[in-house]
>>> print(open('final_20.cif').read())   # mmCIF, C-alpha atoms
data_entry
#
loop_
_atom_site.label_atom_id
_atom_site.label_comp_id
_atom_site.auth_asym_id
_atom_site.auth_seq_id
_atom_site.Cartn_x
_atom_site.Cartn_y
_atom_site.Cartn_z
CA LEU B 12 89.71 158.54 39.29
CA ALA B 13 91.73 159.09 36.14
CA CYS B 14 93.76 155.96 36.86
CA GLN B 15 90.61 153.93 37.34
CA SER B 16 88.90 155.16 34.16
CA SER B 17 91.72 154.19 31.78
CA PRO B 18 91.67 150.38 32.23
CA MET B 19 87.88 150.53 32.18
CA ARG B 20 87.99 152.06 28.70
CA LEU B 21 90.18 149.32 27.22
CA GLN B 22 88.25 146.69 29.14
CA GLY B 23 85.04 148.07 27.67
CA ILE B 24 86.44 147.71 24.16
CA LEU B 25 87.44 144.11 24.82
CA GLU B 26 84.05 143.29 26.31
CA SER B 27 82.20 144.87 23.36
CA GLY B 28 83.80 142.43 20.92
CA GLU B 29 84.59 145.13 18.35
CA LEU B 30 87.08 147.89 17.64
CA ARG B 31 85.45 151.05 16.25
CA ILE B 32 87.77 152.66 13.70
CA GLY B 33 87.12 156.13 12.30
CA LEU B 34 88.28 157.04 8.78
CA SER B 35 87.13 159.13 5.83
CA GLY B 36 86.85 156.26 3.33
CA ASN B 37 88.11 158.41 0.46
CA GLN B 38 91.88 158.89 0.84
CA PRO B 39 93.33 156.31 -1.57
CA PRO B 40 95.48 154.27 -1.27
CA LEU B 41 95.42 154.74 2.52
CA ASN B 42 91.68 154.16 2.76
CA MET B 43 89.02 154.04 0.06
CA THR B 44 85.70 152.47 -0.89
CA ASN B 45 85.68 149.93 -3.72
CA LYS B 46 82.88 149.30 -6.21
CA ASN B 47 81.28 146.79 -3.83
CA GLY B 48 81.11 149.38 -1.06
CA GLU B 49 83.92 147.77 0.95
CA ILE B 50 86.51 149.88 2.75
CA ILE B 51 90.02 148.89 1.63
CA GLY B 52 93.54 150.32 1.78
CA LEU B 53 96.80 150.30 3.73
CA GLU B 54 95.20 151.69 6.88
CA VAL B 55 92.32 149.22 6.66
CA ASP B 56 94.74 146.29 6.51
CA LEU B 57 96.64 147.63 9.53
CA MET B 58 93.49 148.02 11.60
CA LYS B 59 92.09 144.63 10.59
CA ALA B 60 95.34 143.04 11.78
CA LEU B 61 95.21 144.99 15.05
CA ALA B 62 91.59 144.03 15.73
CA HIS B 63 92.35 140.38 14.94
CA SER B 64 95.32 140.39 17.33
CA MET B 65 92.98 141.71 20.06
CA GLY B 66 90.33 139.09 19.30
CA LEU B 67 87.94 141.80 18.10
CA THR B 68 85.84 142.50 15.01
CA PRO B 69 86.85 145.72 13.24
CA ARG B 70 83.97 148.15 12.64
CA PHE B 71 84.85 150.96 10.28
CA VAL B 72 83.01 154.22 10.92
CA VAL B 73 83.13 156.51 7.89
CA LYS B 74 82.95 160.23 8.60
CA PRO B 75 84.07 163.47 6.91
CA PHE B 76 87.73 164.08 7.73
CA ALA B 77 86.97 167.19 9.79
CA ASP B 78 84.63 165.15 12.05
CA LEU B 79 87.11 162.41 12.94
CA ILE B 80 88.85 163.97 15.95
CA PRO B 81 85.50 165.10 17.42
CA ALA B 82 84.36 161.48 17.01
CA ILE B 83 87.17 160.39 19.35
CA GLU B 84 86.37 163.16 21.82
CA ASN B 85 82.69 162.26 22.04
CA GLY B 86 83.30 158.51 22.19
CA GLU B 87 81.86 157.54 18.79
CA VAL B 88 85.05 155.71 17.80
CA ASP B 89 87.96 154.10 19.62
CA VAL B 90 90.71 155.06 17.17
CA VAL B 91 91.12 157.17 14.04
CA ILE B 92 93.44 156.29 11.16
CA SER B 93 92.88 158.40 8.08
CA GLY B 94 96.01 159.92 6.59
CA MET B 95 96.18 162.16 9.67
CA THR B 96 99.40 164.12 10.01
CA ILE B 97 100.84 164.31 13.52
CA THR B 98 100.70 168.00 14.49
CA PRO B 99 101.03 169.82 17.84
CA GLU B 100 97.49 171.15 17.45
CA ARG B 101 96.00 167.67 17.04
CA ASN B 102 98.22 166.21 19.75
CA ALA B 103 96.89 168.86 22.14
CA ARG B 104 93.42 167.33 21.72
CA VAL B 105 94.10 163.60 21.33
CA ALA B 106 96.94 161.12 21.71
CA VAL B 107 98.66 160.14 18.46
CA VAL B 108 100.70 156.96 18.00
CA GLY B 109 103.15 156.49 15.15
CA PRO B 110 104.23 157.29 12.61
CA TYR B 111 103.27 154.30 10.49
CA PHE B 112 103.88 156.20 7.24
CA ILE B 113 105.81 159.31 6.17
CA SER B 114 103.98 161.42 3.62
CA GLY B 115 104.37 164.99 2.33
CA LYS B 116 102.44 167.78 0.72
CA SER B 117 102.19 167.81 -3.07
CA VAL B 118 99.91 169.15 -5.81
CA LEU B 119 97.81 167.59 -8.55
CA THR B 120 97.34 169.73 -11.64
CA LYS B 121 97.01 169.99 -15.40
CA ALA B 122 99.06 173.20 -15.44
CA ALA B 123 102.66 172.65 -16.55
CA GLU B 124 104.03 175.65 -14.61
CA ILE B 125 102.57 174.33 -11.36
CA ALA B 126 103.69 170.73 -11.90
CA SER B 127 107.26 171.84 -12.66
CA ALA B 128 107.64 173.94 -9.48
CA ASP B 129 110.60 172.82 -7.39
CA GLU B 130 109.81 174.97 -4.35
CA ALA B 131 106.58 176.04 -2.70
CA THR B 132 107.17 179.78 -3.22
CA LEU B 133 106.72 179.29 -6.97
CA LEU B 134 103.12 178.25 -6.28
CA ASN B 135 102.38 181.46 -4.37
CA ASN B 136 100.54 183.29 -7.12
CA ALA B 137 97.32 185.31 -6.91
CA ASP B 138 96.11 183.59 -10.09
CA HIS B 139 96.40 180.12 -8.59
CA ARG B 140 93.47 178.37 -6.91
CA TYR B 141 93.99 175.15 -4.94
CA ALA B 142 91.26 172.69 -3.99
CA VAL B 143 91.98 171.23 -0.53
CA LEU B 144 90.39 168.79 1.89
CA ALA B 145 88.60 170.87 4.53
CA GLY B 146 90.18 170.58 7.97
CA SER B 147 93.36 168.92 6.69
CA THR B 148 97.01 169.96 6.73
CA SER B 149 96.63 170.61 2.99
CA GLU B 150 94.37 173.51 3.93
CA THR B 151 96.81 174.80 6.54
CA PHE B 152 99.66 174.36 4.03
CA VAL B 153 98.08 176.58 1.38
CA GLU B 154 96.81 179.39 3.60
CA PRO B 155 100.03 180.36 5.45
CA VAL B 156 102.65 179.13 2.96
CA LEU B 157 100.87 180.41 -0.19
CA PRO B 158 99.10 183.56 1.10
CA LYS B 159 98.59 185.04 -2.38
CA ALA B 160 96.90 181.90 -3.71
CA VAL B 161 93.25 181.01 -3.13
CA SER B 162 92.34 177.96 -1.03
CA VAL B 163 89.04 176.26 -2.01
CA PRO B 164 87.80 173.76 0.64
CA ALA B 165 86.33 170.46 -0.58
CA LYS B 166 84.38 167.89 1.43
CA ASP B 167 86.84 165.12 0.50
CA ASP B 168 89.83 164.36 -1.72
CA ASP B 169 87.63 162.87 -4.45
CA ALA B 170 85.70 166.15 -4.68
CA ALA B 171 88.94 168.14 -4.82
CA GLU B 172 90.28 165.83 -7.53
CA GLN B 173 87.08 166.28 -9.53
CA MET B 174 87.47 170.07 -9.40
CA VAL B 175 90.82 169.69 -11.16
CA LEU B 176 89.47 167.14 -13.66
CA ASP B 177 86.58 169.49 -14.52
CA ASP B 178 88.94 172.50 -14.80
CA GLU B 179 87.06 174.27 -12.00
CA GLU B 180 90.34 174.78 -10.14
CA GLN B 181 93.92 174.81 -11.38
CA ALA B 182 95.30 172.41 -8.83
CA MET B 183 94.65 170.29 -5.77
CA SER B 184 96.91 170.29 -2.73
CA ALA B 185 97.01 166.89 -1.03
CA ASP B 186 99.31 164.23 0.37
CA PHE B 187 101.90 162.91 -2.09
CA PRO B 188 100.50 159.33 -2.44
CA ILE B 189 96.98 160.64 -3.10
CA CYS B 190 98.27 162.84 -5.92
CA GLN B 191 100.33 159.97 -7.35
CA LEU B 192 97.35 157.63 -7.38
CA SER B 193 95.14 160.25 -9.05
CA VAL B 194 97.60 160.48 -11.94
CA MET B 195 97.52 156.68 -12.35
CA ARG B 196 93.72 156.50 -12.07
CA HIS B 197 93.14 159.05 -14.85
CA PRO B 198 95.78 158.49 -17.55
CA GLU B 199 93.63 160.29 -20.14
CA ALA B 200 93.30 163.51 -18.11
CA ASN B 201 96.84 164.89 -18.60
CA LEU B 202 97.34 165.19 -14.84
CA SER B 203 100.73 165.80 -13.26
CA THR B 204 102.14 165.87 -9.76
CA LEU B 205 105.46 166.80 -8.19
CA MET B 206 108.36 164.39 -8.29
CA THR B 207 109.23 165.25 -4.67
CA PRO B 208 106.81 166.48 -1.98
CA PHE B 209 107.34 169.93 -0.46
CA THR B 210 107.02 168.78 3.14
CA ILE B 211 107.67 165.76 5.36
CA GLU B 212 104.54 164.70 7.25
CA PRO B 213 104.38 161.74 9.68
CA LEU B 214 100.99 160.00 9.76
CA GLY B 215 99.69 158.65 13.05
CA ILE B 216 96.82 156.80 14.74
CA ALA B 217 94.71 159.06 16.97
CA LEU B 218 92.91 157.94 20.12
CA SER B 219 91.71 159.32 23.43
CA ALA B 220 94.46 160.92 25.54
CA ASP B 221 93.03 159.47 28.78
CA ASP B 222 93.51 155.88 27.60
CA PRO B 223 97.17 154.96 28.36
CA LEU B 224 96.61 151.21 28.15
CA LEU B 225 95.18 151.39 24.62
CA ILE B 226 97.92 153.85 23.63
CA ASN B 227 100.53 151.41 24.92
CA LEU B 228 98.87 148.49 23.11
CA ILE B 229 98.88 150.28 19.74
CA GLU B 230 102.47 151.49 20.21
CA ASN B 231 103.57 147.89 20.82
CA TYR B 232 101.54 146.71 17.83
CA LEU B 233 103.16 149.22 15.45
CA ASN B 234 106.63 148.39 16.78
CA THR B 235 105.96 144.71 16.16
CA LEU B 236 104.79 145.37 12.59
CA GLU B 237 107.92 147.44 11.96
CA ASN B 238 110.39 144.98 13.50
CA THR B 239 108.96 141.91 11.74
CA GLY B 240 108.88 143.60 8.33
CA LEU B 241 105.11 143.23 8.00
CA LEU B 242 104.61 146.99 7.77
CA ILE B 243 107.03 147.15 4.83
CA GLN B 244 105.14 144.33 3.11
CA CYS B 245 101.84 146.12 3.62
CA LYS B 246 103.23 149.35 2.17
CA ALA B 247 104.60 147.48 -0.82
CA LYS B 248 101.17 145.98 -1.47
CA TRP B 249 99.48 149.38 -1.71
CA PHE B 250 102.27 151.55 -3.14
CA SER B 251 104.42 149.26 -5.31
CA ASP B 252 102.20 146.46 -6.54
CA GLY B 253 100.88 147.45 -9.97
#
>>> encode(input="final_20.cif", output="structure tokens")
Amino acid sequence: LACQSSPMRLQGILESGELRIGLSGNQPPLNMTNKNGEIIGLEVDLMKALAHSMGLTPRFVVKPFADLIPAIENGEVDVVISGMTITPERNARVAVVGPYFISGKSVLTKAAEIASADEATLLNNADHRYAVLAGSTSETFVEPVLPKAVSVPAKDDDAAEQMVLDDEEQAMSADFPICQLSVMRHPEANLSTLMTPFTIEPLGIALSADDPLLINLIENYLNTLENTGLLIQCKAKWFSDG
């Protein structure tokens, strides 16, 4: 029965005419919402190209980050791409293809002593409070690695960033590119981030584990992007183009 259900899932996607893609919509420059309400970013470009290659229309389903894996499990979306680090815990629930990008954990802050830290142990201080995206690896980074510090969950990265801007919290723990972009977006705010991230985190595309044909399709797609240089061009667009 399992063998019969897998091709039916991919076939159902093809027959529907659309690819349902789950993301948070607020993890720039990976995915974000512009002033016109459009979802844009590196991950959006990747998924639009994938849907086009399959002859499908991409439909982006925006959900809080913590609700994205459950959305795969209950069939609300076909794939999730949202700055999601490949971890054993996530891979035990869903299949993850990639990585398509290597990120790492960093901090965003106005505090000079935090921004100048060259190892994570220097951030482990009872006086330090870190805003983090709820359900993310930023949360699991702060709690075990910085047990003396206080972790303050936020609904999304924008909310965590705002806590730092408003001086509600001393710092935000997030993926390196998100912290970099925050510094560029708010030049007047005296924000700083680390020059080098503390961790190495591969980002992957999550999808149902009982769908080997779709897993195989996306693996082949990412390999093609990598081998033709298109993935490098896409990264340059969102991370190097001023």
>>> resolve_selection(input="final_20.cif", expression="the PyMOL selection byres ((chain B and resi 108) around 12)", output="PyMOL selection string")
chain B and resi 90-92+95-98+101-102+105-107+109-112+213-220+223+225-234
>>> resolve_selection(input="final_20.cif", expression="the PyMOL selection byres ((chain B and resi 135-141) around 9)", output="list in words")
Val118, Ile125, Ala131, Thr132, Leu133, Leu134, Ala142, Val143, Val153, Val156, Leu157, Pro158, Lys159, Ala160, Val161, Ser162, Val163, Pro164, Ala171, Val175, Glu180, Gln181, Ala182, Met183 and Ser184 of chain B
>>> resolve_selection(input="final_20.cif", expression="the PyMOL selection byres ((chain B and resi 73) around 6)", output="count of residues only")
6
>>> closest_residue(input="final_20.cif", among="B:Ala126, B:Gln22, B:Leu79, B:Ser93", to="B:Ile51", atoms="all atoms listed in the file")
B:Ser93
>>> closest_atom_pairs(input="final_20.cif", of="stretch 12-127 of chain B", to="stretch 186-200 of chain B", cutoff="6 Å", atoms="all atoms listed in the file", output="tab-separated table")
residue	atom	partner	partner_atom	distance
B:Pro39	CA	B:Ile189	CA	5.9
B:Gly115	CA	B:Phe187	CA	5.5
B:Lys116	CA	B:Asp186	CA	4.7
B:Ser117	CA	B:Phe187	CA	5.0
B:Leu119	CA	B:Cys190	CA	5.4
>>> closest_residue(input="final_20.cif", among="B:His63, B:Ile32, B:Gly48, B:Asp129", to="B:Glu87", atoms="all atoms listed in the file")
B:Ile32
